[in-house]
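Printed here is upload.txt (compact mmCIF, C-alpha atoms):
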# COMPACT_ATOMS: atom_id res chain seq x y z
CA MET A 1 0.00 0.00 0.00
CA ASP A 2 2.85 2.39 0.82
CA ARG A 3 4.52 1.67 -2.51
CA LEU A 4 1.26 2.41 -4.32
CA LYS A 5 1.03 5.76 -2.49
CA LEU A 6 4.60 6.58 -3.51
CA VAL A 7 3.80 5.78 -7.15
CA LEU A 8 0.67 7.95 -7.04
CA GLN A 9 2.60 10.81 -5.42
CA TYR A 10 5.24 10.58 -8.15
CA PHE A 11 2.66 10.77 -10.93
CA GLN A 12 0.91 13.70 -9.19
CA SER A 13 4.13 15.65 -8.57
CA ASN A 14 4.10 17.57 -11.87
CA SER A 15 2.45 17.58 -15.27
CA GLU A 16 5.36 15.69 -16.88
CA SER A 17 4.89 12.82 -14.44
CA ILE A 18 1.15 12.91 -15.07
CA SER A 19 1.78 12.71 -18.83
CA ASN A 20 4.11 9.74 -18.30
CA GLY A 21 1.47 8.02 -16.18
CA ILE A 22 -1.24 8.58 -18.79
CA CYS A 23 1.01 7.18 -21.54
CA ILE A 24 1.77 4.09 -19.47
CA ILE A 25 -1.94 3.60 -18.82
CA LEU A 26 -2.64 3.90 -22.57
CA ALA A 27 0.05 1.30 -23.27
CA LEU A 28 -1.52 -1.09 -20.77
CA VAL A 29 -4.94 -0.40 -22.27
CA SER A 30 -3.62 -1.25 -25.74
CA VAL A 31 -2.35 -4.62 -24.45
CA LYS A 32 -5.69 -5.29 -22.76
CA LEU A 33 -7.59 -4.36 -25.91
CA TYR A 34 -5.51 -6.70 -28.04
CA THR A 35 -5.88 -9.63 -25.65
CA SER A 36 -9.65 -9.12 -25.50
CA PHE A 37 -9.93 -8.53 -29.25
CA ASP A 38 -11.42 -11.49 -31.13
CA PHE A 39 -9.24 -11.70 -34.25
CA ASN A 40 -11.07 -13.56 -37.03
CA CYS A 41 -9.16 -13.81 -40.29
CA PRO A 42 -11.49 -13.84 -43.34
CA CYS A 43 -9.40 -16.67 -44.88
CA LEU A 44 -9.90 -15.30 -48.41
CA PRO A 45 -6.90 -14.47 -50.63
CA GLN A 46 -8.18 -11.02 -51.59
CA TYR A 47 -9.06 -9.93 -48.04
CA ASN A 48 -6.50 -11.54 -45.70
CA LYS A 49 -3.73 -8.99 -46.19
CA LEU A 50 -6.12 -6.01 -46.21
CA TYR A 51 -7.78 -7.09 -42.97
CA SER A 52 -4.45 -7.79 -41.27
CA LEU A 53 -2.96 -4.45 -42.29
CA GLY A 54 -6.11 -2.75 -40.96
CA VAL A 55 -5.69 -4.44 -37.58
CA MET A 56 -1.99 -3.58 -37.58
CA ILE A 57 -2.33 0.10 -38.60
CA VAL A 58 -5.76 1.52 -37.64
CA PRO A 59 -5.66 0.91 -33.84
CA PRO A 60 -2.12 2.42 -33.51
CA ILE A 61 -3.31 5.54 -35.35
CA ILE A 62 -6.27 5.83 -32.96
CA LEU A 63 -4.01 5.31 -29.94
CA PHE A 64 -1.53 7.89 -31.25
CA PHE A 65 -4.14 10.63 -31.63
CA LEU A 66 -5.62 9.64 -28.28
CA GLY A 67 -2.17 10.08 -26.74
CA VAL A 68 -1.85 13.49 -28.40
CA LEU A 69 -5.30 14.44 -27.11
CA VAL A 70 -4.70 13.58 -23.45
CA ASN A 71 -1.14 14.95 -23.35
CA ARG A 72 -0.93 18.31 -21.56
CA HIS A 73 2.10 19.30 -23.63
CA THR A 74 -0.19 19.49 -26.67
CA GLY A 75 -2.22 22.40 -25.31
CA VAL A 76 0.84 24.23 -23.99
CA MET A 77 2.69 23.80 -27.30
CA MET A 78 -0.24 24.94 -29.47
CA GLU A 79 -0.92 27.96 -27.27
CA GLU A 80 2.74 29.01 -27.37
CA TRP A 81 2.94 28.46 -31.13
CA MET A 82 -0.30 30.25 -32.07
CA ARG A 83 -0.25 33.18 -29.64
CA PRO A 84 0.59 36.72 -30.81
CA ILE A 85 4.08 37.90 -29.90
CA GLY A 86 2.99 40.92 -27.83
CA ASN A 87 5.48 41.81 -25.09
CA ARG A 88 7.07 38.34 -25.11
CA SER A 89 9.03 36.84 -27.98
CA LYS A 90 8.51 33.23 -28.99
CA ASN A 91 11.17 30.61 -28.40
CA PRO A 92 11.22 28.03 -31.23
CA ALA A 93 13.42 25.71 -29.14
CA VAL A 94 10.72 25.46 -26.47
CA VAL A 95 8.04 24.66 -29.06
CA LYS A 96 10.33 22.04 -30.62
CA TYR A 97 11.02 20.51 -27.20
CA LEU A 98 7.30 20.34 -26.35
CA PHE A 99 6.52 18.79 -29.74
CA SER A 100 9.24 16.17 -29.26
CA ALA A 101 8.02 15.31 -25.74
CA MET A 102 4.42 15.08 -26.94
CA THR A 103 5.31 12.85 -29.92
CA GLN A 104 7.48 10.48 -27.88
CA ARG A 105 4.76 9.93 -25.28
CA ALA A 106 2.01 9.58 -27.88
CA LEU A 107 4.00 6.93 -29.78
CA LEU A 108 4.32 4.61 -26.76
CA ALA A 109 0.86 3.00 -26.94
CA PRO A 110 0.94 2.47 -30.77
CA MET A 111 4.37 0.85 -30.58
CA VAL A 112 3.16 -1.44 -27.80
CA TRP A 113 0.19 -2.49 -29.96
CA ILE A 114 2.42 -3.22 -32.98
CA LEU A 115 4.93 -5.19 -30.90
CA VAL A 116 2.21 -7.25 -29.21
CA THR A 117 0.63 -8.12 -32.56
CA LEU A 118 3.99 -9.14 -34.02
CA LEU A 119 4.99 -11.24 -31.01
CA ASP A 120 1.59 -12.93 -30.98
CA GLY A 121 1.80 -13.72 -34.70
CA LYS A 122 -1.91 -14.14 -35.57
CA VAL A 123 -2.05 -11.02 -37.72
CA PHE A 124 1.18 -11.93 -39.52
CA ILE A 125 -0.08 -15.45 -40.25
CA CYS A 126 -3.31 -14.07 -41.70
CA ALA A 127 -1.47 -11.56 -43.87
CA PHE A 128 1.39 -13.69 -45.24
CA SER A 129 0.23 -17.31 -45.19
CA VAL A 130 -0.52 -16.97 -48.93
CA SER A 131 3.10 -15.98 -49.58
CA VAL A 132 4.54 -19.22 -48.11
CA ASP A 133 5.78 -21.87 -50.51
CA PRO A 134 3.68 -25.02 -49.76
CA ALA A 135 6.45 -27.23 -51.17
CA LEU A 136 8.44 -26.64 -47.96
CA PHE A 137 5.90 -28.66 -45.96
CA SER A 138 4.32 -32.05 -46.32
CA GLY A 139 0.65 -32.91 -46.02
CA LEU A 140 -0.85 -30.31 -48.35
CA PRO A 141 -4.59 -31.12 -48.77
CA ASN A 142 -4.75 -31.67 -52.53
CA ASN A 143 -8.07 -33.52 -52.69
CA THR A 144 -10.30 -30.55 -51.92
CA GLY A 145 -10.75 -29.22 -55.44
CA LEU A 146 -9.32 -25.81 -54.40
CA ASP A 147 -6.26 -24.16 -55.88
CA VAL A 148 -3.13 -23.73 -53.76
CA ILE A 149 -3.68 -20.01 -53.08
CA LYS A 150 -7.13 -20.56 -51.57
CA ILE A 151 -5.80 -23.45 -49.47
CA MET A 152 -2.95 -21.29 -48.12
CA ALA A 153 -5.38 -18.47 -47.40
CA LYS A 154 -7.32 -20.83 -45.11
CA VAL A 155 -4.26 -21.63 -42.96
CA PRO A 156 -5.26 -19.11 -40.22
CA CYS A 157 -8.68 -20.83 -39.90
CA LYS A 158 -7.94 -23.89 -37.79
CA GLU A 159 -11.62 -24.87 -37.72
CA ASP A 160 -11.76 -25.35 -41.49
CA ALA A 161 -12.65 -28.88 -42.55
CA ILE A 162 -9.82 -29.21 -45.11
CA PHE A 163 -7.20 -29.17 -42.31
CA ARG A 164 -8.87 -31.78 -40.14
CA ASN A 165 -6.36 -34.43 -39.05
CA SER A 166 -3.60 -32.58 -40.92
CA SER A 167 -0.32 -31.21 -39.57
CA PHE A 168 0.19 -28.96 -42.61
CA ARG A 169 -1.65 -25.95 -41.12
CA LYS A 170 0.27 -26.12 -37.82
CA ALA A 171 3.62 -26.32 -39.62
CA VAL A 172 2.85 -23.30 -41.81
CA SER A 173 1.54 -21.34 -38.82
CA ARG A 174 4.70 -22.06 -36.81
CA TYR A 175 6.84 -21.03 -39.76
CA VAL A 176 5.11 -17.67 -40.27
CA ARG A 177 4.87 -17.01 -36.51
CA CYS A 178 8.65 -17.41 -36.22
CA TYR A 179 9.12 -14.68 -38.81
CA SER A 180 6.59 -12.48 -37.04
CA GLN A 181 8.28 -12.86 -33.65
CA ALA A 182 11.70 -12.28 -35.22
CA VAL A 183 10.47 -8.99 -36.71
CA GLY A 184 8.90 -8.01 -33.38
CA TRP A 185 12.00 -8.70 -31.31
CA SER A 186 14.18 -6.97 -33.92
CA ILE A 187 12.04 -3.81 -33.73
CA LEU A 188 12.14 -3.89 -29.93
CA LEU A 189 15.93 -4.34 -29.92
CA PHE A 190 16.32 -1.52 -32.45
CA LEU A 191 14.21 0.87 -30.34
CA ILE A 192 16.15 0.03 -27.16
CA VAL A 193 19.52 0.46 -28.88
CA LEU A 194 18.34 3.69 -30.53
CA GLY A 195 17.19 5.11 -27.19
CA ALA A 196 20.41 4.11 -25.45
CA MET A 197 22.59 5.54 -28.23
CA GLY A 198 20.54 8.74 -28.20
CA ARG A 199 21.12 9.15 -24.46
CA LEU A 200 24.85 8.49 -24.83
CA ILE A 201 25.49 10.60 -27.93
CA LYS A 202 23.22 13.56 -27.12
CA PRO A 203 25.66 15.29 -24.69
CA TYR A 204 28.30 15.45 -27.45
CA PHE A 205 26.03 17.26 -29.93
CA ASP A 206 23.82 19.29 -27.59
CA ASP A 207 24.75 22.24 -25.39
CA HIS A 208 23.82 21.27 -21.84
CA ALA A 209 23.16 24.87 -20.78
CA THR A 210 20.81 25.42 -23.73
CA SER A 211 19.03 22.17 -22.93
CA LEU A 212 18.53 23.25 -19.31
CA GLN A 213 17.15 26.60 -20.46
CA THR A 214 14.74 24.92 -22.86
CA ARG A 215 13.45 22.54 -20.20
CA TYR A 216 13.13 25.37 -17.69
CA TRP A 217 11.04 27.58 -19.97
CA SER A 218 8.88 24.67 -21.14
CA ASN A 219 8.11 23.89 -17.49
CA TYR A 220 7.53 27.59 -16.89
CA LEU A 221 4.89 27.75 -19.64
CA ASP A 222 3.08 24.77 -18.13
CA VAL A 223 3.19 26.20 -14.60
CA GLU A 224 2.16 29.66 -15.81
CA GLN A 225 -0.87 28.28 -17.62
CA LYS A 226 -1.97 26.26 -14.59
CA LEU A 227 -1.53 29.21 -12.22
CA PHE A 228 -3.47 31.50 -14.55
CA GLU A 229 -6.31 28.97 -14.77
CA GLU A 230 -6.37 28.52 -10.99
CA THR A 231 -6.38 32.30 -10.46
CA CYS A 232 -9.22 32.65 -12.97
CA VAL A 233 -11.22 30.00 -11.11
CA LEU A 234 -10.71 31.79 -7.78
CA HIS A 235 -11.62 35.15 -9.33
CA ALA A 236 -14.72 33.68 -10.99
CA ARG A 237 -15.85 32.17 -7.67
CA ASP A 238 -15.42 35.46 -5.81
CA PHE A 239 -16.98 37.42 -8.69
CA ALA A 240 -20.00 35.10 -8.67
CA ARG A 241 -20.30 35.40 -4.89
CA LYS A 242 -20.26 39.19 -5.15
CA CYS A 243 -22.92 39.14 -7.90
CA VAL A 244 -25.22 36.85 -5.91
CA VAL A 245 -24.83 38.85 -2.69
CA GLN A 246 -25.40 42.10 -4.57
CA PHE A 247 -28.55 40.65 -6.18
CA PHE A 248 -30.00 39.67 -2.82
CA GLU A 249 -28.99 43.03 -1.35
CA ASP A 250 -30.89 44.82 -4.13
CA MET A 251 -33.99 42.69 -3.49
CA ARG A 252 -34.28 43.72 0.15
CA GLU A 253 -37.01 46.09 1.28
CA ASP A 254 -36.13 49.70 1.90
CA ALA A 255 -37.07 49.58 5.59
CA VAL A 256 -33.82 49.66 7.51
CA LEU A 257 -33.31 49.35 11.23
CA ARG A 258 -30.40 51.58 12.20
CA LEU A 259 -28.35 50.39 15.15
CA PRO A 260 -24.85 51.29 16.25
CA GLN A 261 -22.37 48.73 15.01
CA PRO A 262 -19.92 47.27 17.50
CA LEU A 263 -16.30 48.04 16.80
CA PHE A 264 -15.16 44.42 16.50
CA LEU A 265 -17.86 43.70 13.91
CA ARG A 266 -16.87 46.78 11.94
CA ASN A 267 -13.23 45.78 11.94
CA SER A 268 -13.92 42.18 10.96
CA ARG A 269 -16.26 43.29 8.15
CA GLU A 270 -13.67 45.73 6.83
CA GLU A 271 -11.00 43.03 6.91
CA TRP A 272 -13.30 40.60 5.08
CA GLU A 273 -14.13 43.21 2.42
CA ASP A 274 -10.47 44.06 1.98
CA LYS A 275 -9.69 40.38 1.52
CA GLU A 276 -12.50 40.02 -1.03
CA GLU A 277 -11.25 43.06 -2.95
CA GLU A 278 -7.73 41.65 -2.90
CA ARG A 279 -9.00 38.42 -4.46
CA LEU A 280 -10.84 40.35 -7.18
CA HIS A 281 -7.66 42.33 -7.96
CA GLY A 282 -9.77 45.38 -8.75
CA VAL A 283 -11.52 43.62 -11.66
CA SER A 284 -15.21 44.01 -10.83
CA LYS A 285 -16.98 44.42 -14.19
CA ARG A 286 -17.61 42.11 -17.12
CA GLU A 287 -15.92 44.54 -19.50
CA GLN A 288 -12.83 44.54 -17.27
CA VAL A 289 -12.75 40.73 -17.19
CA ASP A 290 -13.06 40.49 -20.99
CA GLN A 291 -10.36 43.14 -21.42
CA LEU A 292 -8.06 41.32 -19.00
CA LEU A 293 -8.48 37.95 -20.77
CA ASN A 294 -8.03 39.57 -24.18
CA LYS A 295 -4.85 41.29 -23.00
CA TRP A 296 -3.51 38.04 -21.54
CA TYR A 297 -3.89 36.29 -24.90
CA HIS A 298 -2.71 39.08 -27.20
CA SER A 299 -0.01 40.53 -24.96
CA LYS A 300 1.51 38.07 -22.51
CA PRO A 301 3.53 39.86 -19.80
CA GLU A 302 7.25 40.09 -20.38
CA LEU A 303 9.47 37.73 -18.40
CA ASP A 304 10.74 40.32 -15.93
CA VAL A 305 9.61 40.35 -12.28
CA THR A 306 12.13 42.92 -11.04
CA ARG A 307 9.35 45.30 -10.04
CA MET A 308 7.68 42.62 -7.90
CA ALA A 309 10.93 41.31 -6.45
CA HIS A 310 12.12 44.77 -5.33
CA ARG A 311 8.73 46.16 -4.37
CA PRO A 312 9.11 48.65 -1.45
CA ARG A 313 7.64 47.56 1.86
CA THR A 314 6.46 49.53 4.85
CA CYS A 315 8.73 49.42 7.89
CA VAL A 316 7.49 50.31 11.38
CA THR A 317 9.67 51.93 14.06
CA TRP A 318 8.46 52.82 17.56
CA GLU A 319 10.24 55.65 19.36
CA ASP A 320 9.77 57.26 22.76
CA ARG A 321 9.42 61.01 23.32
CA GLU A 322 13.15 61.45 23.41
CA GLY A 323 13.62 59.80 19.99
CA ARG A 324 15.10 56.52 21.24
CA THR A 325 14.07 53.43 19.23
CA LEU A 326 11.88 51.04 21.19
CA TYR A 327 11.04 48.62 18.34
CA SER A 328 11.87 48.41 14.66
CA ASP A 329 11.27 45.76 11.96
CA VAL A 330 13.81 47.26 9.57
Can I see the file as structure tokens?
Amino acid sequence: MDRLKLVLQYFQSNSESISNGICIILALVSVKLYTSFDFNCPCLPQYNKLYSLGVMIVPPIILFFLGVLVNRHTGVMMEEWMRPIGNRSKNPAVVKYLFSAMTQRALLAPMVWILVTLLDGKVFICAFSVSVDPALFSGLPNNTGLDVIKIMAKVPCKEDAIFRNSSFRKAVSRYVRCYSQAVGWSILLFLIVLGAMGRLIKPYFDDHATSLQTRYWSNYLDVEQKLFEETCVLHARDFARKCVVQFFEDMREDAVLRLPQPLFLRNSREEWEDKEEERLHGVSKREQVDQLLNKWYHSKPELDVTRMAHRPRTCVTWEDREGRTLYSDV
């Protein structure tokens, strides 16, 4: 249970970990879908290869676009690419990095599907059983009245009557499955070697400082977008609360009972109102909200927080009548 909590905490730590977790889940889903998929080869020469290629290609395409859809890097990349320049220049390296990260994660589930189909061999047998030379095997059913191509096309269908009490179909299936598994393991080995070589060679061709800068600003864009969305949600909640309270205040009758307000209630109300105004950031009209959102899209703030970092603060010093300092927070 503790290990499961650690895994969940890792995947919830940042958006990159969440994207990795979603891609792993999609890969597991692709394996589950294939194992639960009832593959039925048509066993007809003109349809076997077409059906097999459809099973091999169409689900990976769907899984790829699904991976692109659920990847958070997709939205961040498109927003950075399509936004007007405004006060902030675009960084092509960041867009390229986000595109690369999105593509790599989206390709995981399709590659898992293709590898599983190749290692299983059913799709390969259906597609290429017609291409096998029957002279390599003994026991070809030649008393069925069918030509050799139609007989070889029925090899994936073990329930067919022409292969009853015959070892020919099993021999051909084993032969084609060996090729399928060899292709699958070769692709897996190639991908592993390619990834390892990429990790080893990349430091020699890539500036480490530039890579750190690119990763930093790509993470910054993701964090900035999330913080802006969270701030908008908080502002919308407080804005809605103000609108509802104002509506009910306007619906009250004009008769008012005037009583002196205790000091502690006055102070607490003033503090609450100040806090509410601070949350609204002075934006209290629909036109102001629309203008703010329009400005955020068309003119992102420049990446300079010097004014906020060196903002002057009020310091309090208590002195007695003779000018001696009693307390100071300077």
Coordinates-based distance that separates CA of Ser218 in chain A from CA of Asn91 in chain A (Å, one decimal):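 Value for the CA of Asn91 in chain A-CA of Ser218 in chain A distance: 9.7 Å.
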Residues of range 38-153 of chain A at most 12 Å from range 191-196 of chain A: nearest atom pair and distance in Å, all atoms listed in the file, as a tab-separated table:
residue	atom	partner	partner_atom	distance
A:Gln104	CA	A:Gly195	CA	11.1
A:Leu107	CA	A:Leu191	CA	11.9
A:Leu108	CA	A:Leu191	CA	11.2
A:Met111	CA	A:Leu191	CA	9.8
A:Val112	CA	A:Leu191	CA	11.6
A:Leu115	CA	A:Leu191	CA	11.1
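Within 8 Å of range 60-67 of chain A, once only C-alpha atoms are used and residues closer than 6 positions along the same chain are dropped, the contacting residues are Cys23, Leu26, Ser30, Arg105, Ala106, Leu107, Ala109, Pro110, Met111, Trp113 and Ile114 of chain A.
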Range 35-106 of chain A near range 143-163 of chain A within 6 Å: what's each residue's closest atom pair and its distance in Å to one decimal, counting only C-alpha atoms, ordered by chain then ascending residue number, as a Markdown table?
| residue | atom | partner | partner_atom | distance |
| --- | --- | --- | --- | --- |
| A:Cys43 | CA | A:Lys154 | CA | 4.7 |
| A:Leu44 | CA | A:Ala153 | CA | 5.6 |
| A:Pro45 | CA | A:Ala153 | CA | 5.4 |
Wanna dump the range 60-116 of chain A-range 278-297 of chain A contacts at 10 Å for me, each residue with its shortest atom pair and the distance in Å to one decimal, counting all atoms listed in the file, ordered by chain and number, as CSV?
residue,atom,partner,partner_atom,distance
A:Glu79,CA,A:Tyr297,CA,9.2
A:Arg83,CA,A:Tyr297,CA,6.7
A:Pro84,CA,A:Tyr297,CA,7.4
A:Ile85,CA,A:Tyr297,CA,9.5
A:Gly86,CA,A:Tyr297,CA,8.8
Coordinates-based distance that separates CA of Glu224 in chain A from CA of Asn87 in chain A (Å, one decimal):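 Calculated distance between CA of Asn87 in chain A and CA of Glu224 in chain A is 15.6 Å.
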CA of Thr117 in chain A to CA of Thr35 in chain A, distance in Å rounded to a single decimal: 9.6 Å
Top pick for closest residue to Leu69 in chain A, considering A:Phe137, A:Met102, A:Arg324, A:Gln46 and counting all atoms listed in the file: A:Met102
